[in-house]
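One structure is given below, encoded as structure tokens.
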4 protein chains.
Amino acid sequence: MNFETQVRVRYAETDQMRVVYHANYLVWFEVGRVELLRQLGFDYRRMEIEQDVAVVVVEARVRFKAPARYDDVLTIRTRVTHLRRFVLHFGYEVVRATDGALLATGETIHVITNSKMEKRTLPPDCEAALRSAIA
Amino acid sequence: MNFETQVRVRYAETDQMRVVYHANYLVWFEVGRVELLRQLGFDYRRMEIEQDVAVVVVEARVRFKAPARYDDVLTIRTRVTHLRRFVLHFGYEVVRATDGALLATGETIHVITNSKMEKRTLPPDCEAALRSAIA
Amino acid sequence: MNFETQVRVRYAETDQMRVVYHANYLVWFEVGRVELLRQLGFDYRRMEIEQDVAVVVVEARVRFKAPARYDDVLTIRTRVTHLRRFVLHFGYEVVRATDGALLATGETIHVITNSKMEKRTLPPDCEAALRSAIA
Amino acid sequence: MNFETQVRVRYAETDQMRVVYHANYLVWFEVGRVELLRQLGFDYRRMEIEQDVAVVVVEARVRFKAPARYDDVLTIRTRVTHLRRFVLHFGYEVVRATDGALLATGETIHVITNSKMEKRTLPPDCEAALRSAIA
């Protein structure tokens, strides 16, 4: 089950190769995760503040297939791929909106913690929603 | 009284004009401020944590004279220009280290606050050191 | 005549004060300029490539009124304030969308150049459109 | 054979978790690669311009072990792990300089291209130097 959001490439995100600097894909993956949660009915900002939940990145991987360029509109497709106690995996595809070209794929692995970076589980309603989104 | 520190331009800081993206100068100004404090004997990280002091930017201005380019070594020259109660001004010059070319000048204005963003004055020793650095 | 576009604050744009790092406002101003041009019917990406036009920042100024925070939706209001031969001025307001609070104001001054950074004027249709947007 | 360079964490690189935002490690890896080349006698900036060589990232992976924090001095340890025709692999460790704590490890895979993103091999002297650095 894919969740989609769009970003438009900013001038600041390009580099002198005239393509997007590669680290920005990790920023867009984070945008994808937050929008996935929002589409499931969860507000990550409030979860951090009100429920003392943090979704901390412990591993990230990106494969760059074709360059994104300035002003491209990109679709970020995000899916939950694994959830077990305090470990959560997401998968991503970055696609150019105009022609559907696949520009990058990636995965991130996260540990759920409180604000002191101690492991904890997700609030039950959020865990249930993510679990159903895997199927 | 100028305080100097150096940065080398990173690939991530360039844009597709093949020059440094202009917002990065504000990041370097911040590096300049922190190194000025360090050269005066003050550790901004510890001041934030141990003394509940924040130096919040309320205004910033930059004039871009000539482009910085990838891998350039830049000298950031920072000086304190004004300090009165909880208001602090800094001035900056960004100079290319190889030939001394002036690439940018700027100013920032700050308010001293605690971590709740309530105005306060600097710790007396830091205030005295900054005041003597103006002269 | 104000042109509006919206951005949502990304986690990457926050800093350890729990507010947006101030340099990001310059990135959003750039988003505002490009969307102003788009709303007037001009595509800055194509202007760069097909017409050899660059709108180079020579001065930028920002006044920070109140902090933007993670996940805030912000309205960037951009207007053309001055255009004379190869010099172009923009003004900006950054407003929190939920309550209309004014978070920052700013101005940028630009020189129109070709890709070799030699001064030139804008294409006549774009110049006329910007001129009419000042009124 | 490890090559080392140091960076100091900038305020801009932190996020509201009070740690470094994870995408910045990819920026530091790039700093590590360029300094590795410099220590071997090669200037990446000149290679791009004078020899039409680009070292394009096609895959990146990072494992985050412990957070880097504002003002930390970090040692970036970079090594060449594989070179075959136009494919080049690097490995990285990010270590806190004060106590040697391992904060992150990573790998990047690159394709050597010209400025049109067509595959090519490295200049022979650079290829020989990188090959000897693997051993």
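Going through the structure tokens in order, the chains are called A, B, and so on, while each chain numbers its residues from 1 and the ligands are numbered from 1 in the order shown.
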Coordinates of chain C after Cα superposition on chain D, as a PDB file with C-alpha atoms, in the first residue's frame:
```
ATOM      1  CA  MET C   1      43.990   2.394   4.268  1.00  0.00           C
ATOM      2  CA  ASN C   2      41.942   5.104   5.970  1.00  0.00           C
ATOM      3  CA  PHE C   3      42.067   8.784   5.094  1.00  0.00           C
ATOM      4  CA  GLU C   4      40.884  11.193   7.757  1.00  0.00           C
ATOM      5  CA  THR C   5      39.412  14.651   7.792  1.00  0.00           C
ATOM      6  CA  GLN C   6      37.491  16.573  10.419  1.00  0.00           C
ATOM      7  CA  VAL C   7      34.321  18.608  10.481  1.00  0.00           C
ATOM      8  CA  ARG C   8      32.711  20.508  13.320  1.00  0.00           C
ATOM      9  CA  VAL C   9      28.916  20.202  13.590  1.00  0.00           C
ATOM     10  CA  ARG C  10      27.151  23.437  12.635  1.00  0.00           C
ATOM     11  CA  TYR C  11      23.976  24.724  14.253  1.00  0.00           C
ATOM     12  CA  ALA C  12      22.305  24.489  10.842  1.00  0.00           C
ATOM     13  CA  GLU C  13      22.978  20.739  10.828  1.00  0.00           C
ATOM     14  CA  THR C  14      21.006  20.040  14.019  1.00  0.00           C
ATOM     15  CA  ASP C  15      17.289  19.385  14.204  1.00  0.00           C
ATOM     16  CA  GLN C  16      14.672  19.682  16.912  1.00  0.00           C
ATOM     17  CA  MET C  17      15.645  16.285  18.382  1.00  0.00           C
ATOM     18  CA  ARG C  18      18.829  18.181  19.440  1.00  0.00           C
ATOM     19  CA  VAL C  19      20.974  15.909  17.275  1.00  0.00           C
ATOM     20  CA  VAL C  20      22.387  16.160  13.768  1.00  0.00           C
ATOM     21  CA  TYR C  21      19.787  15.690  11.040  1.00  0.00           C
ATOM     22  CA  HIS C  22      20.658  12.377   9.415  1.00  0.00           C
ATOM     23  CA  ALA C  23      20.984  13.580   5.795  1.00  0.00           C
ATOM     24  CA  ASN C  24      24.074  15.605   6.753  1.00  0.00           C
ATOM     25  CA  TYR C  25      26.152  12.430   7.036  1.00  0.00           C
ATOM     26  CA  LEU C  26      25.976  12.093   3.258  1.00  0.00           C
ATOM     27  CA  VAL C  27      27.384  15.623   2.960  1.00  0.00           C
ATOM     28  CA  TRP C  28      30.254  14.691   5.286  1.00  0.00           C
ATOM     29  CA  PHE C  29      30.918  11.482   3.328  1.00  0.00           C
ATOM     30  CA  GLU C  30      31.344  13.688   0.255  1.00  0.00           C
ATOM     31  CA  VAL C  31      33.802  15.861   2.217  1.00  0.00           C
ATOM     32  CA  GLY C  32      35.643  12.654   3.148  1.00  0.00           C
ATOM     33  CA  ARG C  33      35.897  11.507  -0.497  1.00  0.00           C
ATOM     34  CA  VAL C  34      37.225  14.821  -1.706  1.00  0.00           C
ATOM     35  CA  GLU C  35      39.818  14.991   1.069  1.00  0.00           C
ATOM     36  CA  LEU C  36      40.870  11.379   0.335  1.00  0.00           C
ATOM     37  CA  LEU C  37      41.503  12.403  -3.261  1.00  0.00           C
ATOM     38  CA  ARG C  38      43.368  15.528  -2.121  1.00  0.00           C
ATOM     39  CA  GLN C  39      45.582  13.469   0.196  1.00  0.00           C
ATOM     40  CA  LEU C  40      46.393  11.246  -2.782  1.00  0.00           C
ATOM     41  CA  GLY C  41      47.371  14.340  -4.770  1.00  0.00           C
ATOM     42  CA  PHE C  42      44.199  14.829  -6.812  1.00  0.00           C
ATOM     43  CA  ASP C  43      42.002  17.914  -6.907  1.00  0.00           C
ATOM     44  CA  TYR C  44      38.411  16.903  -7.652  1.00  0.00           C
ATOM     45  CA  ARG C  45      37.464  20.425  -8.718  1.00  0.00           C
ATOM     46  CA  ARG C  46      40.161  20.456 -11.372  1.00  0.00           C
ATOM     47  CA  MET C  47      39.389  16.903 -12.464  1.00  0.00           C
ATOM     48  CA  GLU C  48      35.796  17.956 -13.176  1.00  0.00           C
ATOM     49  CA  ILE C  49      36.816  21.031 -15.151  1.00  0.00           C
ATOM     50  CA  GLU C  50      40.069  20.010 -16.825  1.00  0.00           C
ATOM     51  CA  GLN C  51      39.569  16.293 -17.330  1.00  0.00           C
ATOM     52  CA  ASP C  52      35.782  16.117 -17.652  1.00  0.00           C
ATOM     53  CA  VAL C  53      35.507  13.529 -14.889  1.00  0.00           C
ATOM     54  CA  ALA C  54      32.538  13.219 -12.561  1.00  0.00           C
ATOM     55  CA  VAL C  55      32.220  10.737  -9.709  1.00  0.00           C
ATOM     56  CA  VAL C  56      28.438  10.264  -9.607  1.00  0.00           C
ATOM     57  CA  VAL C  57      26.730   8.685  -6.592  1.00  0.00           C
ATOM     58  CA  VAL C  58      24.547   5.723  -7.594  1.00  0.00           C
ATOM     59  CA  GLU C  59      24.013   4.208  -4.170  1.00  0.00           C
ATOM     60  CA  ALA C  60      24.466   5.349  -0.592  1.00  0.00           C
ATOM     61  CA  ARG C  61      23.942   3.593   2.714  1.00  0.00           C
ATOM     62  CA  VAL C  62      24.347   4.839   6.271  1.00  0.00           C
ATOM     63  CA  ARG C  63      23.986   3.101   9.644  1.00  0.00           C
ATOM     64  CA  PHE C  64      23.464   5.543  12.503  1.00  0.00           C
ATOM     65  CA  LYS C  65      24.956   4.230  15.764  1.00  0.00           C
ATOM     66  CA  ALA C  66      24.871   7.210  18.092  1.00  0.00           C
ATOM     67  CA  PRO C  67      23.873  10.843  17.563  1.00  0.00           C
ATOM     68  CA  ALA C  68      26.326  13.591  16.659  1.00  0.00           C
ATOM     69  CA  ARG C  69      25.524  16.825  18.449  1.00  0.00           C
ATOM     70  CA  TYR C  70      26.030  20.530  17.907  1.00  0.00           C
ATOM     71  CA  ASP C  71      29.664  21.668  17.990  1.00  0.00           C
ATOM     72  CA  ASP C  72      31.041  18.101  18.116  1.00  0.00           C
ATOM     73  CA  VAL C  73      34.276  17.685  16.225  1.00  0.00           C
ATOM     74  CA  LEU C  74      33.936  14.601  14.044  1.00  0.00           C
ATOM     75  CA  THR C  75      36.569  12.563  12.293  1.00  0.00           C
ATOM     76  CA  ILE C  76      35.451  11.247   8.912  1.00  0.00           C
ATOM     77  CA  ARG C  77      37.434   8.112   8.026  1.00  0.00           C
ATOM     78  CA  THR C  78      37.183   7.290   4.336  1.00  0.00           C
ATOM     79  CA  ARG C  79      38.626   4.381   2.399  1.00  0.00           C
ATOM     80  CA  VAL C  80      38.391   3.085  -1.157  1.00  0.00           C
ATOM     81  CA  THR C  81      36.952  -0.408  -1.054  1.00  0.00           C
ATOM     82  CA  HIS C  82      36.521  -1.348  -4.704  1.00  0.00           C
ATOM     83  CA  LEU C  83      37.455  -0.013  -8.142  1.00  0.00           C
ATOM     84  CA  ARG C  84      36.690  -1.767 -11.371  1.00  0.00           C
ATOM     85  CA  ARG C  85      36.591   0.118 -14.677  1.00  0.00           C
ATOM     86  CA  PHE C  86      33.991   2.832 -14.079  1.00  0.00           C
ATOM     87  CA  VAL C  87      32.615   1.649 -10.728  1.00  0.00           C
ATOM     88  CA  LEU C  88      34.102   2.934  -7.472  1.00  0.00           C
ATOM     89  CA  HIS C  89      33.146   2.097  -3.878  1.00  0.00           C
ATOM     90  CA  PHE C  90      33.972   4.038  -0.720  1.00  0.00           C
ATOM     91  CA  GLY C  91      33.494   3.109   2.947  1.00  0.00           C
ATOM     92  CA  TYR C  92      33.162   5.555   5.839  1.00  0.00           C
ATOM     93  CA  GLU C  93      33.240   5.814   9.588  1.00  0.00           C
ATOM     94  CA  VAL C  94      32.180   8.917  11.483  1.00  0.00           C
ATOM     95  CA  VAL C  95      33.844   9.079  14.873  1.00  0.00           C
ATOM     96  CA  ARG C  96      33.516  11.664  17.650  1.00  0.00           C
ATOM     97  CA  ALA C  97      36.990  13.156  17.995  1.00  0.00           C
ATOM     98  CA  THR C  98      36.938  13.723  21.760  1.00  0.00           C
ATOM     99  CA  ASP C  99      36.330  10.109  22.783  1.00  0.00           C
ATOM    100  CA  GLY C 100      36.561   8.031  19.620  1.00  0.00           C
ATOM    101  CA  ALA C 101      32.922   6.927  19.822  1.00  0.00           C
ATOM    102  CA  LEU C 102      31.687   5.475  16.536  1.00  0.00           C
ATOM    103  CA  LEU C 103      28.638   7.496  15.430  1.00  0.00           C
ATOM    104  CA  ALA C 104      27.963   6.137  11.945  1.00  0.00           C
ATOM    105  CA  THR C 105      29.258   3.889   9.219  1.00  0.00           C
ATOM    106  CA  GLY C 106      28.391   3.966   5.553  1.00  0.00           C
ATOM    107  CA  GLU C 107      29.179   3.074   1.979  1.00  0.00           C
ATOM    108  CA  THR C 108      28.685   4.823  -1.328  1.00  0.00           C
ATOM    109  CA  ILE C 109      28.891   3.407  -4.818  1.00  0.00           C
ATOM    110  CA  HIS C 110      29.807   5.663  -7.731  1.00  0.00           C
ATOM    111  CA  VAL C 111      29.973   5.533 -11.477  1.00  0.00           C
ATOM    112  CA  ILE C 112      32.689   7.515 -13.218  1.00  0.00           C
ATOM    113  CA  THR C 113      31.221   9.633 -16.001  1.00  0.00           C
ATOM    114  CA  ASN C 114      31.958  12.679 -18.099  1.00  0.00           C
ATOM    115  CA  SER C 115      29.925  15.848 -17.678  1.00  0.00           C
ATOM    116  CA  LYS C 116      27.241  14.403 -20.002  1.00  0.00           C
ATOM    117  CA  MET C 117      26.858  11.501 -17.548  1.00  0.00           C
ATOM    118  CA  GLU C 118      28.333   9.002 -20.027  1.00  0.00           C
ATOM    119  CA  LYS C 119      30.428   6.285 -18.398  1.00  0.00           C
ATOM    120  CA  ARG C 120      34.202   6.588 -18.645  1.00  0.00           C
ATOM    121  CA  THR C 121      37.240   5.421 -16.699  1.00  0.00           C
ATOM    122  CA  LEU C 122      39.292   7.585 -14.363  1.00  0.00           C
ATOM    123  CA  PRO C 123      42.477   9.292 -15.583  1.00  0.00           C
ATOM    124  CA  PRO C 124      45.182   6.574 -15.311  1.00  0.00           C
ATOM    125  CA  ASP C 125      47.221   8.290 -12.571  1.00  0.00           C
ATOM    126  CA  CYS C 126      44.142   8.727 -10.393  1.00  0.00           C
ATOM    127  CA  GLU C 127      43.011   5.151 -11.034  1.00  0.00           C
ATOM    128  CA  ALA C 128      46.444   3.836 -10.034  1.00  0.00           C
ATOM    129  CA  ALA C 129      46.485   5.917  -6.865  1.00  0.00           C
ATOM    130  CA  LEU C 130      43.017   4.766  -5.818  1.00  0.00           C
ATOM    131  CA  ARG C 131      43.919   1.173  -6.591  1.00  0.00           C
ATOM    132  CA  SER C 132      47.005   1.376  -4.386  1.00  0.00           C
ATOM    133  CA  ALA C 133      44.872   2.934  -1.638  1.00  0.00           C
ATOM    134  CA  ILE C 134      42.645  -0.152  -1.567  1.00  0.00           C
ATOM    135  CA  ALA C 135      45.505  -2.408  -0.597  1.00  0.00           C
TER     136      ALA C 135
END
```
- Item | helix (DSSP H, G or I) residues, from DSSP on the backbone, in stretch 43-99 of chain B, as a PyMOL selection string | chain B and resi 44-50
Could you write out that same residue set with C-alpha atoms as a short mmCIF file (atom, residue, chain, number, x, y, z; two decimals), in the first residue's frame?
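Contents of result.cif, freshly written:
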```
data_model
loop_
_atom_site.label_atom_id
_atom_site.label_comp_id
_atom_site.auth_asym_id
_atom_site.auth_seq_id
_atom_site.Cartn_x
_atom_site.Cartn_y
_atom_site.Cartn_z
CA TYR B 44 28.26 28.65 22.85
CA ARG B 45 27.13 25.04 23.26
CA ARG B 46 27.80 25.14 26.97
CA MET B 47 26.29 28.60 27.35
CA GLU B 48 23.03 27.29 25.88
CA ILE B 49 22.96 24.25 28.14
CA GLU B 50 24.56 25.47 31.37
#
```
- Task: Could you please write out, as number ranges by chain, every residue of chain D that DSSP assigns to strand (DSSP E)?
- Result: D: 3-8, 54-64, 73-84, 87-96, 102-113
Output file for the selection above: N, CA and C atoms, as a compact mmCIF listing (two decimals), in the first residue's frame:
```
# COMPACT_ATOMS: atom_id res chain seq x y z
N PHE D 3 41.70 7.38 5.25
CA PHE D 3 42.06 8.78 5.11
C PHE D 3 41.15 9.56 6.04
N GLU D 4 41.70 10.52 6.75
CA GLU D 4 40.89 11.20 7.75
C GLU D 4 40.77 12.69 7.47
N THR D 5 39.61 13.20 7.80
CA THR D 5 39.41 14.65 7.79
C THR D 5 38.42 14.97 8.90
N GLN D 6 38.38 16.23 9.31
CA GLN D 6 37.50 16.59 10.42
C GLN D 6 36.50 17.66 10.01
N VAL D 7 35.32 17.56 10.60
CA VAL D 7 34.31 18.62 10.48
C VAL D 7 33.81 18.94 11.88
N ARG D 8 33.35 20.15 12.06
CA ARG D 8 32.70 20.51 13.32
C ARG D 8 31.22 20.72 13.03
N ALA D 54 33.47 13.06 -13.66
CA ALA D 54 32.54 13.22 -12.55
C ALA D 54 32.41 11.88 -11.84
N VAL D 55 32.39 11.94 -10.52
CA VAL D 55 32.23 10.74 -9.70
C VAL D 55 30.79 10.79 -9.15
N VAL D 56 29.88 10.13 -9.87
CA VAL D 56 28.44 10.26 -9.61
C VAL D 56 27.99 9.20 -8.60
N VAL D 57 27.23 9.62 -7.59
CA VAL D 57 26.73 8.67 -6.59
C VAL D 57 25.57 7.87 -7.18
N VAL D 58 25.67 6.55 -7.15
CA VAL D 58 24.54 5.73 -7.60
C VAL D 58 23.90 4.95 -6.44
N GLU D 59 24.61 4.84 -5.34
CA GLU D 59 24.01 4.20 -4.17
C GLU D 59 24.68 4.72 -2.92
N ALA D 60 23.92 4.86 -1.86
CA ALA D 60 24.46 5.33 -0.59
C ALA D 60 23.76 4.60 0.54
N ARG D 61 24.51 4.28 1.56
CA ARG D 61 23.94 3.58 2.71
C ARG D 61 24.61 4.11 3.97
N VAL D 62 23.81 4.34 4.99
CA VAL D 62 24.35 4.82 6.27
C VAL D 62 23.69 4.05 7.40
N ARG D 63 24.51 3.66 8.39
CA ARG D 63 23.98 3.10 9.64
C ARG D 63 24.33 4.09 10.76
N PHE D 64 23.30 4.53 11.47
CA PHE D 64 23.47 5.54 12.50
C PHE D 64 23.56 4.85 13.85
N VAL D 73 33.30 17.86 17.28
CA VAL D 73 34.29 17.69 16.23
C VAL D 73 34.26 16.22 15.83
N LEU D 74 34.08 15.97 14.54
CA LEU D 74 33.93 14.60 14.05
C LEU D 74 35.08 14.26 13.11
N THR D 75 35.59 13.06 13.23
CA THR D 75 36.58 12.57 12.29
C THR D 75 35.86 11.70 11.26
N ILE D 76 36.03 12.06 10.00
CA ILE D 76 35.46 11.26 8.91
C ILE D 76 36.59 10.38 8.38
N ARG D 77 36.44 9.06 8.55
CA ARG D 77 37.44 8.12 8.03
C ARG D 77 36.91 7.53 6.74
N THR D 78 37.65 7.73 5.66
CA THR D 78 37.19 7.30 4.34
C THR D 78 38.21 6.34 3.74
N ARG D 79 37.72 5.28 3.10
CA ARG D 79 38.63 4.37 2.41
C ARG D 79 38.00 3.96 1.08
N VAL D 80 38.85 3.66 0.11
CA VAL D 80 38.38 3.09 -1.16
C VAL D 80 38.26 1.60 -0.93
N THR D 81 37.13 1.01 -1.31
CA THR D 81 36.95 -0.42 -1.05
C THR D 81 36.89 -1.25 -2.33
N HIS D 82 36.68 -0.59 -3.47
CA HIS D 82 36.51 -1.34 -4.71
C HIS D 82 36.66 -0.38 -5.88
N LEU D 83 37.36 -0.83 -6.92
CA LEU D 83 37.45 -0.02 -8.15
C LEU D 83 37.57 -0.98 -9.32
N ARG D 84 36.65 -0.89 -10.21
CA ARG D 84 36.68 -1.76 -11.38
C ARG D 84 36.09 -1.00 -12.55
N VAL D 87 33.37 1.76 -12.00
CA VAL D 87 32.62 1.64 -10.73
C VAL D 87 33.59 1.77 -9.55
N LEU D 88 33.21 2.59 -8.59
CA LEU D 88 34.08 2.94 -7.47
C LEU D 88 33.27 2.88 -6.19
N HIS D 89 33.82 2.20 -5.16
CA HIS D 89 33.13 2.10 -3.87
C HIS D 89 33.97 2.77 -2.78
N PHE D 90 33.30 3.47 -1.89
CA PHE D 90 33.97 4.02 -0.71
C PHE D 90 33.28 3.50 0.56
N GLY D 91 34.06 3.41 1.63
CA GLY D 91 33.51 3.10 2.95
C GLY D 91 33.85 4.23 3.91
N TYR D 92 33.00 4.40 4.93
CA TYR D 92 33.16 5.55 5.84
C TYR D 92 32.89 5.15 7.28
N GLU D 93 33.59 5.82 8.17
CA GLU D 93 33.25 5.81 9.58
C GLU D 93 33.25 7.24 10.07
N VAL D 94 32.23 7.59 10.84
CA VAL D 94 32.20 8.92 11.48
C VAL D 94 32.39 8.70 12.97
N VAL D 95 33.43 9.31 13.51
CA VAL D 95 33.86 9.08 14.88
C VAL D 95 33.91 10.42 15.61
N ARG D 96 33.43 10.45 16.85
CA ARG D 96 33.52 11.67 17.65
C ARG D 96 34.97 11.82 18.09
N LEU D 102 32.13 5.67 17.91
CA LEU D 102 31.70 5.47 16.53
C LEU D 102 30.25 5.93 16.39
N LEU D 103 30.00 6.93 15.57
CA LEU D 103 28.65 7.49 15.44
C LEU D 103 27.90 6.95 14.23
N ALA D 104 28.63 6.64 13.16
CA ALA D 104 27.97 6.14 11.95
C ALA D 104 28.97 5.45 11.06
N THR D 105 28.46 4.51 10.27
CA THR D 105 29.26 3.89 9.22
C THR D 105 28.45 3.99 7.93
N GLY D 106 29.13 3.88 6.80
CA GLY D 106 28.39 3.96 5.56
C GLY D 106 29.20 3.52 4.37
N GLU D 107 28.52 3.36 3.24
CA GLU D 107 29.18 3.06 1.97
C GLU D 107 28.50 3.88 0.88
N THR D 108 29.28 4.24 -0.12
CA THR D 108 28.69 4.82 -1.32
C THR D 108 29.28 4.11 -2.53
N ILE D 109 28.45 3.98 -3.55
CA ILE D 109 28.88 3.40 -4.83
C ILE D 109 28.74 4.49 -5.88
N HIS D 110 29.74 4.56 -6.74
CA HIS D 110 29.79 5.64 -7.73
C HIS D 110 30.07 5.08 -9.11
N VAL D 111 29.58 5.80 -10.10
CA VAL D 111 29.96 5.53 -11.48
C VAL D 111 30.77 6.73 -11.96
N ILE D 112 31.87 6.44 -12.65
CA ILE D 112 32.69 7.51 -13.22
C ILE D 112 32.06 7.90 -14.56
N THR D 113 31.81 9.18 -14.74
CA THR D 113 31.22 9.64 -16.00
C THR D 113 31.95 10.90 -16.46
```
